[in-house]
$ cat structure.cif   # mmCIF, C-alpha atoms and all ligand atoms; chains and numbers go by the auth columns
data_input
loop_
_atom_site.group_PDB
_atom_site.id
_atom_site.type_symbol
_atom_site.label_atom_id
_atom_site.label_comp_id
_atom_site.label_asym_id
_atom_site.label_seq_id
_atom_site.Cartn_x
_atom_site.Cartn_y
_atom_site.Cartn_z
_atom_site.B_iso_or_equiv
_atom_site.auth_seq_id
_atom_site.auth_asym_id
ATOM 1 C CA MET A 1 0.875 2.667 -40.781 0.00 80 A
ATOM 2 C CA THR A 2 -0.470 0.120 -38.292 0.00 81 A
ATOM 3 C CA SER A 3 0.301 -2.814 -40.597 0.00 82 A
ATOM 4 C CA ILE A 4 3.884 -1.593 -41.057 0.00 83 A
ATOM 5 C CA LEU A 5 4.317 -1.311 -37.292 0.00 84 A
ATOM 6 C CA ILE A 6 2.906 -4.820 -36.755 0.00 85 A
ATOM 7 C CA CYS A 7 5.245 -6.170 -39.413 0.00 86 A
ATOM 8 C CA ILE A 8 8.276 -4.520 -37.788 0.00 87 A
ATOM 9 C CA ILE A 9 7.318 -5.834 -34.334 0.00 88 A
ATOM 10 C CA VAL A 10 6.825 -9.382 -35.672 0.00 89 A
ATOM 11 C CA GLU A 11 10.182 -9.207 -37.467 0.00 90 A
ATOM 12 C CA LEU A 12 11.930 -8.042 -34.289 0.00 91 A
ATOM 13 C CA GLN A 13 10.296 -10.828 -32.270 0.00 92 A
ATOM 14 C CA ILE A 14 11.420 -13.423 -34.802 0.00 93 A
ATOM 15 C CA ARG A 15 14.999 -12.102 -34.786 0.00 94 A
ATOM 16 C CA ALA A 16 15.114 -12.087 -30.964 0.00 95 A
ATOM 17 C CA HIS A 17 13.777 -15.637 -30.935 0.00 96 A
ATOM 18 C CA GLU A 18 16.402 -16.726 -33.469 0.00 97 A
ATOM 19 C CA ILE A 19 19.263 -15.247 -31.487 0.00 98 A
ATOM 20 C CA GLN A 20 18.128 -16.819 -28.222 0.00 99 A
ATOM 21 C CA ASN A 21 17.215 -20.221 -29.592 0.00 100 A
ATOM 22 C CA ARG A 22 19.910 -21.552 -31.871 0.00 101 A
ATOM 23 C CA MET A 23 20.475 -25.243 -31.584 0.00 102 A
ATOM 24 C CA TYR A 24 22.536 -27.870 -33.280 0.00 103 A
ATOM 25 C CA VAL A 25 20.488 -29.995 -35.617 0.00 104 A
ATOM 26 C CA CYS A 26 23.262 -32.009 -37.227 0.00 105 A
ATOM 27 C CA LEU A 27 26.067 -32.914 -34.864 0.00 106 A
ATOM 28 C CA CYS A 28 28.070 -34.681 -37.557 0.00 107 A
ATOM 29 C CA LYS A 29 28.362 -31.529 -39.664 0.00 108 A
ATOM 30 C CA GLY A 30 27.880 -28.867 -36.991 0.00 109 A
ATOM 31 C CA ILE A 31 24.759 -27.460 -38.624 0.00 110 A
ATOM 32 C CA THR A 32 22.346 -25.361 -36.581 0.00 111 A
ATOM 33 C CA ASP A 33 18.726 -24.457 -37.154 0.00 112 A
ATOM 34 C CA LYS A 34 19.950 -20.991 -38.163 0.00 113 A
ATOM 35 C CA HIS A 35 22.006 -22.487 -40.984 0.00 114 A
ATOM 36 C CA ILE A 36 18.807 -24.082 -42.302 0.00 115 A
ATOM 37 C CA ARG A 37 16.851 -20.823 -42.075 0.00 116 A
ATOM 38 C CA ASP A 38 19.712 -18.919 -43.708 0.00 117 A
ATOM 39 C CA ALA A 39 19.763 -21.409 -46.589 0.00 118 A
ATOM 40 C CA VAL A 40 16.043 -20.804 -47.135 0.00 119 A
ATOM 41 C CA ASP A 41 16.561 -17.035 -46.955 0.00 120 A
ATOM 42 C CA ALA A 42 19.380 -17.352 -49.504 0.00 121 A
ATOM 43 C CA GLY A 43 17.012 -18.967 -51.972 0.00 122 A
ATOM 44 C CA ALA A 44 17.071 -22.714 -51.414 0.00 123 A
ATOM 45 C CA GLY A 45 13.810 -23.705 -53.041 0.00 124 A
ATOM 46 C CA SER A 46 13.284 -27.114 -51.475 0.00 125 A
ATOM 47 C CA PHE A 47 14.328 -29.220 -48.539 0.00 126 A
ATOM 48 C CA ARG A 48 16.400 -31.323 -50.912 0.00 127 A
ATOM 49 C CA GLU A 49 18.294 -28.207 -51.953 0.00 128 A
ATOM 50 C CA VAL A 50 18.906 -27.236 -48.313 0.00 129 A
ATOM 51 C CA ARG A 51 20.233 -30.730 -47.643 0.00 130 A
ATOM 52 C CA ARG A 52 22.511 -30.550 -50.669 0.00 131 A
ATOM 53 C CA GLN A 53 23.861 -27.083 -49.887 0.00 132 A
ATOM 54 C CA LEU A 54 24.588 -27.812 -46.234 0.00 133 A
ATOM 55 C CA GLU A 55 25.468 -31.497 -46.658 0.00 134 A
ATOM 56 C CA LEU A 56 22.793 -32.045 -44.050 0.00 135 A
ATOM 57 C CA ALA A 57 22.094 -35.654 -43.037 0.00 136 A
ATOM 58 C CA SER A 58 24.974 -36.817 -45.193 0.00 137 A
ATOM 59 C CA GLN A 59 26.732 -38.924 -42.577 0.00 138 A
ATOM 60 C CA CYS A 60 24.670 -40.806 -39.978 0.00 139 A
ATOM 61 C CA GLY A 61 21.386 -39.291 -41.212 0.00 140 A
ATOM 62 C CA LYS A 62 19.810 -39.027 -37.745 0.00 141 A
ATOM 63 C CA CYS A 63 19.203 -35.299 -38.174 0.00 142 A
ATOM 64 C CA GLY A 64 17.072 -35.577 -41.304 0.00 143 A
ATOM 65 C CA SER A 65 13.685 -35.684 -39.611 0.00 144 A
ATOM 66 C CA LEU A 66 14.354 -32.786 -37.238 0.00 145 A
ATOM 67 C CA ALA A 67 15.889 -30.744 -40.052 0.00 146 A
ATOM 68 C CA ARG A 68 12.769 -31.308 -42.141 0.00 147 A
ATOM 69 C CA ASP A 69 10.552 -30.145 -39.266 0.00 148 A
ATOM 70 C CA ILE A 70 12.624 -26.978 -38.887 0.00 149 A
ATOM 71 C CA TYR A 71 12.492 -26.348 -42.622 0.00 150 A
ATOM 72 C CA ASP A 72 8.687 -26.800 -42.722 0.00 151 A
ATOM 73 C CA SER A 73 8.183 -24.667 -39.639 0.00 152 A
ATOM 74 C CA TYR A 74 10.279 -21.861 -41.094 0.00 153 A
ATOM 75 C CA LEU A 75 8.354 -21.918 -44.348 0.00 154 A
ATOM 76 C CA ASN A 76 5.098 -21.665 -42.382 0.00 155 A
ATOM 77 C CA SER A 77 6.433 -18.663 -40.462 0.00 156 A
ATOM 78 C CA TYR A 78 7.288 -17.096 -43.825 0.00 157 A
ATOM 79 C CA ASP A 79 3.653 -17.436 -44.868 0.00 158 A
ATOM 80 C CA GLU A 80 2.467 -15.856 -41.608 0.00 159 A
ATOM 81 C CA ASN A 81 4.844 -12.929 -42.076 0.00 160 A
ATOM 82 C CA LEU A 82 3.492 -12.344 -45.564 0.00 161 A
ATOM 83 C CA CYS A 83 -0.049 -12.276 -44.135 0.00 162 A
ATOM 84 C CA TYR A 84 0.962 -9.620 -41.635 0.00 163 A
ATOM 85 C CA ALA A 85 2.724 -7.612 -44.339 0.00 164 A
ATOM 86 C CA ALA A 86 -0.328 -7.747 -46.610 0.00 165 A
ATOM 87 C CA ALA A 87 -2.752 -6.664 -43.861 0.00 166 A
HETATM 88 S S1 LIG B . 23.606 -35.800 -37.199 0.00 1 B
HETATM 89 FE FE1 LIG B . 23.420 -35.104 -39.227 0.00 1 B
HETATM 90 S S2 LIG B . 24.435 -36.587 -40.437 0.00 1 B
HETATM 91 FE FE2 LIG B . 24.707 -37.251 -38.403 0.00 1 B
#
$ encode --input "structure.cif" --output "structure tokens" --more "lines below"
Ligand code: FES
Amino acid sequence: MTSILICIIVELQIRAHEIQNRMYVCLCKGITDKHIRDAVDAGAGSFREVRRQLELASQCGKCGSLARDIYDSYLNSYDENLCYAAA
């Protein structure tokens, strides 16, 4: 029961953080950090796949590094959530 409650609280905190902290990553294509997270949630299995789906970094390319950081960070938060859920 406690682990379920912790998992729900963590999920709510993540959602609140997402709503408050959206930012544009790719100005050329109008892609936000949420678009990247949504692509991962929808099943994009690699950063390359996220880039392909969203056409991220396909014009000037200046957003590629930041987009990669956001992708990696989101995957790490996924791992942490799984740890909480398994506890
Ligand atoms: S800012 Fe993303 S391609 Fe230019």
$ resolve_selection --input "structure.cif" --expression "the PyMOL selection byres (((chain A and resi 130) around 12) and not hetatm)" --output "PyMOL selection string"
chain A and resi 105+108+110+114-116+118-119+123-129+131-138+140+142-144+146-147+150
$ closest_residue --input "structure.cif" --among "A:Ala121, A:Leu106, A:Leu145, A:Asn155" --to "ligand LIG 1 (chain B)" --atoms "all atoms listed in the file"
A:Leu106
$ closest_residue --input "structure.cif" --among "A:Met80, A:Arg101, A:Ser152, A:Cys107" --to "ligand LIG 1 (chain B)" --atoms "all atoms listed in the file"
A:Cys107
$ atom_distance --input "structure.cif" --atom1 "atom CA of Cys139 of chain A" --atom2 "atom CA of Asp151 of chain A"
21.4 Å
$ closest_residue --input "structure.cif" --among "A:Thr111, A:Tyr157, A:Asp148, A:Gly122" --to "ligand LIG 1 (chain B)" --atoms "all atoms listed in the file"
A:Thr111
$ resolve_selection --input "structure.cif" --expression "the PyMOL selection byres (((chain A and resi 102) around 8) and not hetatm)" --output "list in words"
Asn100, Arg101, Tyr103, Val104, Thr111, Asp112 and Lys113 of chain A
$ axis_aligned_box --input "structure.cif" --around "ligand LIG 1 (chain B)" --padding-each-side "3 Å" --output "JSON"
{"center_x": 24.1, "center_y": -36.2, "center_z": -38.8, "size_x": 7.3, "size_y": 8.1, "size_z": 9.2}
